[in-house]
$ cat final.csv   # CSV, C-alpha atoms
chain,number,residue,atom,x,y,z
L,1,MET,CA,18.4,-6.8,18.6
L,2,LYS,CA,19.3,-5.0,15.4
L,3,ALA,CA,17.1,-2.4,14.0
L,4,VAL,CA,17.0,0.7,11.7
L,5,VAL,CA,15.9,3.7,13.8
L,6,PHE,CA,15.2,7.3,13.0
L,7,ARG,CA,17.7,9.8,14.5
L,8,LYS,CA,16.9,13.5,14.5
L,9,ASP,CA,20.5,14.4,13.6
L,10,LYS,CA,21.3,11.6,11.2
L,11,GLY,CA,18.1,10.2,9.7
L,12,LEU,CA,17.9,6.4,9.4
L,13,VAL,CA,20.6,4.5,11.3
L,14,TYR,CA,21.3,0.8,11.7
L,15,GLU,CA,22.1,0.1,15.3
L,16,GLU,CA,21.6,-2.2,18.3
L,17,VAL,CA,18.4,-1.6,20.3
L,18,PRO,CA,17.0,-3.2,23.5
L,19,ASP,CA,15.2,-6.5,23.2
L,20,TYR,CA,11.4,-6.3,23.8
L,21,GLU,CA,9.9,-7.4,27.1
L,22,LEU,CA,6.6,-9.1,26.4
L,23,ALA,CA,3.4,-8.1,28.4
L,24,GLU,CA,0.7,-10.7,29.1
L,25,ASP,CA,-1.5,-9.4,26.3
L,26,GLU,CA,1.2,-9.1,23.7
L,27,VAL,CA,2.7,-11.2,20.9
L,28,LEU,CA,6.3,-11.4,19.7
L,29,VAL,CA,6.9,-11.8,16.0
L,30,LYS,CA,10.2,-12.6,14.4
L,31,VAL,CA,10.3,-10.4,11.2
L,32,ALA,CA,11.1,-12.1,7.9
L,33,ASN,CA,10.6,-9.3,5.4
L,34,THR,CA,9.5,-5.6,5.6
L,35,GLY,CA,8.7,-3.4,2.6
L,36,PHE,CA,9.4,0.3,2.4
L,37,CYS,CA,6.2,2.2,1.8
L,38,GLY,CA,5.7,5.7,0.4
L,39,SER,CA,4.3,6.7,3.7
L,40,ASP,CA,7.6,5.6,5.3
L,41,HIS,CA,9.4,8.0,3.0
L,42,SER,CA,7.0,10.8,4.0
L,43,LEU,CA,7.6,10.2,7.7
L,44,VAL,CA,11.4,10.4,7.2
L,45,THR,CA,11.3,13.5,5.0
L,46,THR,CA,9.0,15.5,7.3
L,47,GLY,CA,11.3,14.8,10.3
L,48,LEU,CA,8.3,14.5,12.5
L,49,LEU,CA,9.2,11.1,13.9
L,50,SER,CA,10.4,10.9,17.5
L,51,ASP,CA,14.1,10.2,18.0
L,52,GLY,CA,14.7,6.5,18.0
L,53,TYR,CA,11.4,5.5,16.4
L,54,ILE,CA,11.4,2.3,14.2
L,55,ILE,CA,9.3,2.6,11.0
L,56,GLY,CA,8.0,-0.1,8.7
L,57,HIS,CA,4.5,-1.5,8.6
L,58,GLU,CA,4.6,-3.9,5.5
L,59,ILE,CA,5.7,-6.9,7.6
L,60,SER,CA,5.8,-10.7,7.3
L,61,GLY,CA,7.1,-12.9,10.1
L,62,VAL,CA,6.6,-15.8,12.4
L,63,VAL,CA,5.0,-15.9,15.9
L,64,THR,CA,7.7,-16.8,18.4
L,65,ASP,CA,6.2,-16.0,21.8
L,66,LYS,CA,3.0,-14.8,23.3
L,67,GLY,CA,1.8,-13.6,26.7
L,68,ALA,CA,-0.5,-15.5,29.0
L,69,ARG,CA,-3.5,-13.3,28.2
L,70,ALA,CA,-2.9,-13.0,24.5
L,71,ASP,CA,-6.3,-14.5,23.6
L,72,LYS,CA,-7.2,-15.7,20.1
L,73,CYS,CA,-3.5,-15.5,19.1
L,74,PRO,CA,-2.3,-17.9,16.4
L,75,ALA,CA,0.0,-20.6,17.7
L,76,VAL,CA,3.8,-20.1,18.0
L,77,GLY,CA,5.3,-20.9,14.6
L,78,THR,CA,2.4,-19.4,12.6
L,79,ARG,CA,3.4,-17.3,9.6
L,80,VAL,CA,1.7,-14.0,9.8
L,81,CYS,CA,1.4,-10.5,8.4
L,82,ILE,CA,0.4,-7.5,10.6
L,83,ARG,CA,-2.4,-5.0,10.4
L,84,PRO,CA,-3.7,-2.3,12.9
L,85,THR,CA,-6.2,-3.0,15.7
L,86,TYR,CA,-9.7,-1.7,15.7
L,87,CYS,CA,-12.6,-1.6,18.2
L,88,GLY,CA,-15.3,-3.3,16.1
L,89,GLN,CA,-18.1,-1.3,17.8
L,90,CYS,CA,-17.8,2.3,16.6
L,91,ALA,CA,-19.8,3.6,13.7
L,92,ASN,CA,-16.8,3.3,11.3
L,93,CYS,CA,-16.1,-0.3,12.3
L,94,LEU,CA,-19.8,-1.3,12.1
L,95,SER,CA,-19.9,0.2,8.5
L,96,GLY,CA,-17.0,-1.9,7.4
L,97,LYS,CA,-14.4,0.9,7.7
L,98,GLN,CA,-12.1,-0.6,10.3
L,99,GLN,CA,-9.2,1.5,9.0
L,100,LEU,CA,-11.1,4.6,10.1
L,101,CYS,CA,-11.5,3.4,13.7
L,102,ARG,CA,-10.9,6.4,16.1
L,103,VAL,CA,-11.5,4.4,19.3
L,104,HIS,CA,-8.8,1.7,19.4
L,105,ARG,CA,-6.4,1.9,16.6
L,106,ARG,CA,-2.9,0.7,17.4
L,107,THR,CA,-0.4,0.7,14.5
L,108,VAL,CA,3.2,-0.5,14.1
L,109,GLY,CA,5.7,1.5,12.2
L,110,ILE,CA,3.4,4.3,11.3
L,111,GLY,CA,1.6,5.1,14.5
L,112,ASP,CA,2.3,4.5,18.2
L,113,LEU,CA,4.1,1.1,18.2
L,114,PRO,CA,7.6,0.4,16.9
L,115,GLY,CA,7.7,-1.0,13.4
L,116,GLY,CA,9.2,-3.8,11.3
L,117,PHE,CA,12.6,-2.6,10.3
L,118,ALA,CA,13.9,-4.6,13.3
L,119,GLU,CA,14.5,-8.3,14.0
L,120,TYR,CA,11.4,-8.5,16.1
L,121,VAL,CA,8.1,-6.6,16.4
L,122,LYS,CA,5.8,-6.6,19.4
L,123,VAL,CA,2.0,-6.6,18.6
L,124,TYR,CA,-1.4,-7.6,19.8
L,125,PRO,CA,-3.3,-10.7,18.7
L,126,GLN,CA,-5.9,-8.8,16.7
L,127,MET,CA,-3.2,-7.5,14.5
L,128,LEU,CA,-2.1,-10.9,13.1
L,129,ILE,CA,-3.4,-12.4,9.9
L,130,PRO,CA,-2.2,-15.9,9.2
L,131,VAL,CA,-0.5,-16.4,5.9
L,132,PRO,CA,-1.9,-19.3,3.8
L,133,GLN,CA,0.2,-22.1,2.4
L,134,GLY,CA,1.8,-21.3,-1.0
L,135,VAL,CA,2.4,-17.6,-0.1
L,136,ASP,CA,6.1,-16.7,0.5
L,137,SER,CA,7.3,-14.1,3.0
L,138,ARG,CA,8.0,-11.4,0.4
L,139,ASN,CA,4.5,-11.7,-1.1
L,140,ALA,CA,3.0,-11.7,2.5
L,141,ALA,CA,4.8,-8.5,3.4
L,142,LEU,CA,3.4,-6.8,0.3
L,143,SER,CA,-0.2,-8.1,0.7
L,144,GLU,CA,-0.9,-4.7,2.4
L,145,THR,CA,0.1,-2.9,-0.8
L,146,PHE,CA,-2.3,-4.9,-2.9
L,147,ALA,CA,-5.0,-4.5,-0.1
L,148,SER,CA,-4.6,-0.7,-0.3
L,149,ALA,CA,-5.3,-0.9,-4.1
L,150,LEU,CA,-8.2,-3.2,-3.5
L,151,HIS,CA,-9.7,-0.8,-0.9
L,152,ALA,CA,-9.5,2.0,-3.5
L,153,ILE,CA,-11.4,-0.1,-6.0
L,154,THR,CA,-14.1,-1.1,-3.5
L,155,SER,CA,-14.4,2.5,-2.4
L,156,CYS,CA,-16.0,3.2,-5.8
L,157,THR,CA,-19.7,2.3,-5.2
L,158,SER,CA,-20.6,1.4,-8.7
L,159,GLY,CA,-20.3,-2.3,-9.4
L,160,ARG,CA,-20.0,-1.6,-13.2
L,161,THR,CA,-16.9,-3.0,-14.9
L,162,GLY,CA,-15.5,-1.2,-17.9
L,163,SER,CA,-12.9,1.3,-18.9
L,164,VAL,CA,-10.4,2.4,-16.2
L,165,LEU,CA,-7.6,4.9,-16.0
L,166,VAL,CA,-4.9,4.5,-13.4
L,167,MET,CA,-2.8,7.6,-13.0
L,168,GLY,CA,0.6,6.8,-11.5
L,169,GLY,CA,2.6,3.5,-11.7
L,170,GLY,CA,4.0,3.4,-8.2
L,171,PRO,CA,3.4,0.2,-6.2
L,172,ILE,CA,-0.3,0.9,-5.4
L,173,GLY,CA,-1.0,2.0,-8.9
L,174,LEU,CA,0.6,-1.2,-10.3
L,175,CYS,CA,-1.3,-3.3,-7.8
L,176,ALA,CA,-4.5,-1.6,-8.8
L,177,VAL,CA,-3.8,-2.6,-12.5
L,178,ARG,CA,-3.5,-6.2,-11.5
L,179,ILE,CA,-6.6,-6.4,-9.3
L,180,LEU,CA,-8.7,-4.5,-11.9
L,181,LYS,CA,-7.9,-7.2,-14.4
L,182,ILE,CA,-8.7,-10.0,-11.9
L,183,LEU,CA,-12.1,-8.3,-11.3
L,184,GLY,CA,-12.9,-8.1,-15.0
L,185,TYR,CA,-12.3,-4.4,-15.8
L,186,GLY,CA,-11.1,-3.3,-19.2
L,187,PRO,CA,-9.7,-1.7,-21.0
L,188,VAL,CA,-7.3,-0.7,-18.2
L,189,VAL,CA,-5.0,2.2,-19.1
L,190,LEU,CA,-2.0,3.4,-17.1
L,191,PHE,CA,-0.4,6.8,-17.2
L,192,GLU,CA,3.2,6.6,-15.9
L,193,PRO,CA,6.4,8.4,-17.1
L,194,VAL,CA,8.9,5.7,-16.1
L,195,LYS,CA,9.3,3.0,-18.7
L,196,GLU,CA,10.2,0.3,-16.2
L,197,LYS,CA,7.0,0.8,-14.3
L,198,ARG,CA,5.0,0.8,-17.6
L,199,GLU,CA,6.5,-2.6,-18.4
L,200,ILE,CA,5.5,-4.0,-15.0
L,201,ALA,CA,2.0,-2.8,-15.7
L,202,LEU,CA,1.9,-4.7,-19.0
L,203,SER,CA,3.1,-7.8,-17.1
L,204,TYR,CA,0.2,-7.3,-14.7
L,205,GLY,CA,-2.3,-7.2,-17.6
L,206,ALA,CA,-2.6,-3.5,-18.5
L,207,ASP,CA,-4.3,-3.1,-21.9
L,208,HIS,CA,-2.5,0.2,-22.7
L,209,VAL,CA,0.3,2.2,-21.1
L,210,PHE,CA,1.3,5.8,-21.8
L,211,ASP,CA,3.8,8.3,-20.8
L,212,PRO,CA,1.5,11.1,-19.6
L,213,HIS,CA,4.0,13.7,-20.8
L,214,GLU,CA,3.7,12.6,-24.4
L,215,ILE,CA,2.1,15.1,-26.8
L,216,ASP,CA,-1.6,14.5,-27.5
L,217,VAL,CA,-1.8,11.5,-25.1
L,218,ASP,CA,-5.2,12.6,-23.9
L,219,GLU,CA,-6.5,12.5,-27.5
L,220,GLN,CA,-4.9,9.0,-27.9
L,221,VAL,CA,-6.8,7.6,-24.9
L,222,LYS,CA,-10.1,9.0,-26.2
L,223,GLY,CA,-9.7,6.5,-29.0
L,224,ILE,CA,-9.6,3.7,-26.4
L,225,ALA,CA,-12.4,5.1,-24.3
L,226,PRO,CA,-14.4,7.4,-26.6
L,227,ASP,CA,-17.1,7.9,-24.0
L,228,GLY,CA,-14.5,8.6,-21.2
L,229,PHE,CA,-13.3,6.5,-18.4
L,230,LEU,CA,-15.9,4.8,-16.2
L,231,LYS,CA,-13.4,4.9,-13.2
L,232,THR,CA,-10.2,6.7,-12.6
L,233,PHE,CA,-7.7,6.1,-9.8
L,234,GLU,CA,-5.3,8.9,-9.0
L,235,CYS,CA,-2.2,7.2,-7.5
L,236,SER,CA,0.6,9.6,-8.5
L,237,GLY,CA,0.2,12.6,-6.1
L,238,VAL,CA,0.4,14.9,-9.1
L,239,ARG,CA,-2.0,17.8,-8.3
L,240,THR,CA,-3.0,18.4,-11.9
L,241,ASN,CA,-4.1,14.8,-12.4
L,242,VAL,CA,-7.4,15.4,-10.5
L,243,ASP,CA,-8.3,18.1,-13.1
L,244,ARG,CA,-7.2,15.8,-15.9
L,245,ALA,CA,-9.2,12.9,-14.5
L,246,ILE,CA,-12.4,15.1,-14.5
L,247,ILE,CA,-11.9,16.0,-18.2
L,248,LEU,CA,-11.3,12.4,-19.2
L,249,ALA,CA,-14.1,10.9,-17.1
L,250,ALA,CA,-17.3,9.4,-18.6
L,251,ASP,CA,-20.8,10.6,-17.7
L,252,ASN,CA,-21.6,9.2,-14.3
L,253,GLY,CA,-17.9,8.3,-13.9
L,254,GLU,CA,-16.1,7.8,-10.6
L,255,ILE,CA,-12.7,9.3,-9.6
L,256,CYS,CA,-10.9,8.0,-6.6
L,257,ILE,CA,-8.0,9.9,-5.1
L,258,VAL,CA,-5.7,7.2,-3.7
L,259,SER,CA,-2.6,9.3,-3.3
L,260,VAL,CA,-2.4,11.8,-0.4
L,261,ILE,CA,-2.1,15.3,-1.8
L,262,PHE,CA,-1.1,18.0,0.7
L,263,SER,CA,-1.1,21.1,-1.4
L,264,PRO,CA,-4.2,22.9,-2.9
L,265,LEU,CA,-5.9,21.6,-6.0
L,266,GLU,CA,-7.0,23.7,-9.0
L,267,ILE,CA,-9.9,22.4,-11.1
L,268,SER,CA,-10.2,24.2,-14.5
L,269,ALA,CA,-13.7,23.2,-15.3
L,270,PRO,CA,-15.5,22.3,-12.0
L,271,PHE,CA,-18.9,22.5,-13.8
L,272,LEU,CA,-18.0,19.2,-15.5
L,273,ILE,CA,-18.4,17.5,-12.1
L,274,ASN,CA,-22.0,18.6,-12.3
L,275,PHE,CA,-22.6,18.2,-16.0
L,276,LYS,CA,-21.2,14.6,-16.0
L,277,GLU,CA,-22.5,13.8,-12.6
L,278,ILE,CA,-19.1,12.6,-11.6
L,279,ARG,CA,-18.6,11.0,-8.2
L,280,LEU,CA,-15.4,12.2,-6.6
L,281,THR,CA,-14.2,10.1,-3.7
L,282,ALA,CA,-11.0,9.0,-2.0
L,283,SER,CA,-9.5,6.0,-0.1
L,284,ILE,CA,-7.0,5.4,2.7
L,285,SER,CA,-5.4,2.2,4.0
L,286,ASN,CA,-7.3,-1.1,4.0
L,287,THR,CA,-9.1,-3.6,6.1
L,288,HIS,CA,-8.2,-7.0,7.5
L,289,GLU,CA,-10.7,-8.6,5.1
L,290,GLU,CA,-9.0,-6.9,2.1
L,291,ASN,CA,-5.6,-8.3,3.2
L,292,ILE,CA,-7.1,-11.8,3.5
L,293,GLN,CA,-8.6,-11.5,0.0
L,294,CYS,CA,-5.2,-10.5,-1.4
L,295,LEU,CA,-3.4,-13.3,0.4
L,296,ASP,CA,-6.0,-15.8,-1.0
L,297,TRP,CA,-5.3,-14.4,-4.5
L,298,MET,CA,-1.6,-14.9,-3.9
L,299,ALA,CA,-2.2,-18.5,-2.8
L,300,GLN,CA,-4.2,-19.1,-6.0
L,301,GLY,CA,-1.3,-17.6,-8.1
L,302,LYS,CA,-3.4,-14.6,-9.3
L,303,LEU,CA,-1.2,-12.1,-7.6
L,304,ASP,CA,2.6,-12.0,-7.4
L,305,ALA,CA,4.2,-9.0,-5.6
L,306,ARG,CA,7.7,-10.1,-6.5
L,307,LEU,CA,7.4,-8.3,-9.9
L,308,LEU,CA,7.2,-5.0,-8.0
L,309,ILE,CA,10.5,-5.5,-6.1
L,310,SER,CA,13.3,-3.5,-7.7
L,311,ASP,CA,15.5,-3.5,-4.6
L,312,TYR,CA,16.0,-6.5,-2.3
L,313,GLU,CA,18.6,-6.0,0.5
L,314,PRO,CA,19.5,-7.0,4.0
L,315,LEU,CA,18.3,-4.7,6.8
L,316,GLU,CA,21.7,-3.2,7.4
L,317,ARG,CA,21.7,-1.7,3.9
L,318,LEU,CA,18.4,0.2,4.5
L,319,PRO,CA,20.1,3.6,5.3
L,320,ASP,CA,22.2,3.4,2.1
L,321,VAL,CA,19.3,2.2,-0.1
L,322,TYR,CA,17.1,5.0,1.3
L,323,ARG,CA,19.7,7.6,0.2
L,324,GLU,CA,20.7,6.1,-3.1
L,325,ARG,CA,17.5,4.5,-4.4
L,326,ILE,CA,14.4,5.5,-2.4
L,327,GLU,CA,15.0,9.2,-1.9
L,328,THR,CA,16.2,9.6,-5.5
L,329,GLY,CA,13.0,8.0,-6.8
L,330,LEU,CA,14.9,5.2,-8.6
L,331,ALA,CA,13.3,2.3,-6.6
L,332,VAL,CA,10.0,0.9,-7.6
L,333,LYS,CA,9.6,-1.1,-4.4
L,334,ALA,CA,12.3,-1.9,-1.8
L,335,VAL,CA,12.0,-4.9,0.4
L,336,PHE,CA,14.4,-5.9,3.2
L,337,LYS,CA,15.4,-9.3,4.4
L,338,ILE,CA,15.3,-9.1,8.2
L,339,SER,CA,15.7,-12.8,9.2
L,340,GLU,CA,14.7,-16.3,7.9
L,341,GLU,CA,12.2,-16.1,5.0
L,342,PHE,CA,9.5,-18.6,4.3
$ encode --input "final.csv" --output "structure tokens"
Amino acid sequence: MKAVVFRKDKGLVYEEVPDYELAEDEVLVKVANTGFCGSDHSLVTTGLLSDGYIIGHEISGVVTDKGARADKCPAVGTRVCIRPTYCGQCANCLSGKQQLCRVHRRTVGIGDLPGGFAEYVKVYPQMLIPVPQGVDSRNAALSETFASALHAITSCTSGRTGSVLVMGGGPIGLCAVRILKILGYGPVVLFEPVKEKREIALSYGADHVFDPHEIDVDEQVKGIAPDGFLKTFECSGVRTNVDRAIILAADNGEICIVSVIFSPLEISAPFLINFKEIRLTASISNTHEENIQCLDWMAQGKLDARLLISDYEPLERLPDVYRERIETGLAVKAVFKISEEF
């Protein structure tokens, strides 16, 4: 089969790889679409991938074959998206945090199993989520992106709806804007320097969008949320935004760090965390249930991932698109057509 693999000396390469042999407890899925995630970019740039590894975890496809012991597997022909496995019995799983399972987590494209930038992917039954009628394969592939945004929102313990600041208009930040509006939050404000991304946010229902580099922008948003922001979601990876979020937060506000920041943070006024009783939290990944919720919203017409897609190309174009559009930061969201869509 054809796939895009990581080569230590070349980076991403489109080539022929061996067809999968299916074990009795495994399922074969023919891939329709796979989205390129920010974590995929991180994996490639760090060079920590093993030679020949296939990345890609935002996958939609169709079940084509299953082993004799692949219990509770959707029937052949079922349209699916794919999530990691979990044990269901550890403390994390029992508390609803499947994505933090440390006992039985198997992951395609970002863990131990080959990913979705290939014509087929081999998975386990627990990893499959059937796609409801009315949801096309591009939306299904990006349900995980929306689910990551939903997980960040549900990671904030307060059920209060009100003013929200989203810092960063990448795919997850934009997805957060849309879901916050579905859930009744407002005003929803986005900080994002790229005009194209600000325009998508407005299409998703953002009440106000700002270039965070504008002069006096913080004073401008104080006119929108004079008591500060009830909730803030840091989705940009910009270190100084955590400090900025603390300054702009309301009393008893919540700040969720959604981006993964690898370098040290500096907080200019840490006492504000105490004086405002700010709750500082973070989120990672998402659960099966959150993916199912986002797929349901897609079926209802409340979510449409296609607005995010700036680059839509066949699989063989991935290495070029990576160099020309993803690595340069020009792409909003790149999605690749692997085989027949639905």
$ closest_residue --input "final.csv" --among "L:Ala201, L:Val31, L:Leu12, L:Ile273" --to "Gly169 in chain L" --atoms "all atoms listed in the file"
L:Ala201
$ residues_around --input "final.csv" --residues "Ile338 in chain L" --least-positions-apart "2" --cutoff "8 Å" --atoms "all atoms listed in the file" --output "list in words"
Val31, Ala32, Asn33, Thr34, Phe117, Ala118, Glu119, Pro314, Leu315, Phe336 and Glu340 of chain L
$ residues_around --input "final.csv" --residues "range 256-268 of chain L" --least-positions-apart "3" --cutoff "9 Å" --atoms "only C-alpha atoms" --output "compact mmCIF listing (two decimals) with C-alpha atoms, keeping the file's coordinate frame"
# COMPACT_ATOMS: atom_id res chain seq x y z
CA SER L 148 -4.60 -0.70 -0.30
CA ALA L 149 -5.30 -0.90 -4.10
CA ALA L 152 -9.50 2.00 -3.50
CA ILE L 153 -11.40 -0.10 -6.00
CA SER L 155 -14.40 2.50 -2.40
CA CYS L 156 -16.00 3.20 -5.80
CA ILE L 172 -0.30 0.90 -5.40
CA GLY L 173 -1.00 2.00 -8.90
CA LYS L 231 -13.40 4.90 -13.20
CA THR L 232 -10.20 6.70 -12.60
CA PHE L 233 -7.70 6.10 -9.80
CA GLU L 234 -5.30 8.90 -9.00
CA CYS L 235 -2.20 7.20 -7.50
CA SER L 236 0.60 9.60 -8.50
CA GLY L 237 0.20 12.60 -6.10
CA VAL L 238 0.40 14.90 -9.10
CA ARG L 239 -2.00 17.80 -8.30
CA THR L 240 -3.00 18.40 -11.90
CA VAL L 242 -7.40 15.40 -10.50
CA ASP L 243 -8.30 18.10 -13.10
CA ARG L 244 -7.20 15.80 -15.90
CA ILE L 246 -12.40 15.10 -14.50
CA PHE L 271 -18.90 22.50 -13.80
CA ARG L 279 -18.60 11.00 -8.20
CA LEU L 280 -15.40 12.20 -6.60
CA THR L 281 -14.20 10.10 -3.70
CA ALA L 282 -11.00 9.00 -2.00
CA SER L 283 -9.50 6.00 -0.10
CA ILE L 284 -7.00 5.40 2.70
$ atom_distance --input "final.csv" --atom1 "CA of Ala305 in chain L" --atom2 "CA of Asn139 in chain L"
5.3 Å
$ residues_around --input "final.csv" --residues "Tyr312 in chain L" --least-positions-apart "2" --cutoff "9 Å" --atoms "only C-alpha atoms" --output "compact mmCIF listing (two decimals) with C-alpha atoms, in the frame of the given file"
# COMPACT_ATOMS: atom_id res chain seq x y z
CA ILE L 309 10.50 -5.50 -6.10
CA SER L 310 13.30 -3.50 -7.70
CA PRO L 314 19.50 -7.00 4.00
CA LYS L 333 9.60 -1.10 -4.40
CA ALA L 334 12.30 -1.90 -1.80
CA VAL L 335 12.00 -4.90 0.40
CA PHE L 336 14.40 -5.90 3.20
CA LYS L 337 15.40 -9.30 4.40
$ closest_residue --input "final.csv" --among "L:Val62, L:Ala140, L:Ile224, L:Ile255" --to "Met298 in chain L" --atoms "all atoms listed in the file"
L:Ala140
$ closest_atom_pairs --input "final.csv" --of "range 202-305 of chain L" --to "range 184-192 of chain L" --cutoff "7 Å" --atoms "all atoms listed in the file" --output "Markdown table"
| residue | atom | partner | partner_atom | distance |
| --- | --- | --- | --- | --- |
| L:Ala206 | CA | L:Val188 | CA | 5.5 |
| L:Asp207 | CA | L:Val188 | CA | 5.3 |
| L:His208 | CA | L:Val189 | CA | 4.8 |
| L:Val209 | CA | L:Leu190 | CA | 4.8 |
| L:Phe210 | CA | L:Phe191 | CA | 5.0 |
| L:Asp211 | CA | L:Glu192 | CA | 5.2 |
| L:Pro212 | CA | L:Phe191 | CA | 5.3 |
$ atom_distance --input "final.csv" --atom1 "CA of Gly67 in chain L" --atom2 "CA of Val123 in chain L"
10.7 Å
$ atom_distance --input "final.csv" --atom1 "CA of Ala68 in chain L" --atom2 "CA of Lys122 in chain L"
14.5 Å
$ closest_residue --input "final.csv" --among "L:Leu128, L:Thr85, L:Leu248, L:Val121" --to "Val164 in chain L" --atoms "only C-alpha atoms"
L:Leu248
$ closest_residue --input "final.csv" --among "L:Ser60, L:Gln220, L:Thr154, L:Thr46" --to "Asp136 in chain L" --atoms "only C-alpha atoms"
L:Ser60
$ closest_residue --input "final.csv" --among "L:Ser42, L:Gln293, L:Thr107, L:Thr157" --to "Pro132 in chain L" --atoms "all atoms listed in the file"
L:Gln293
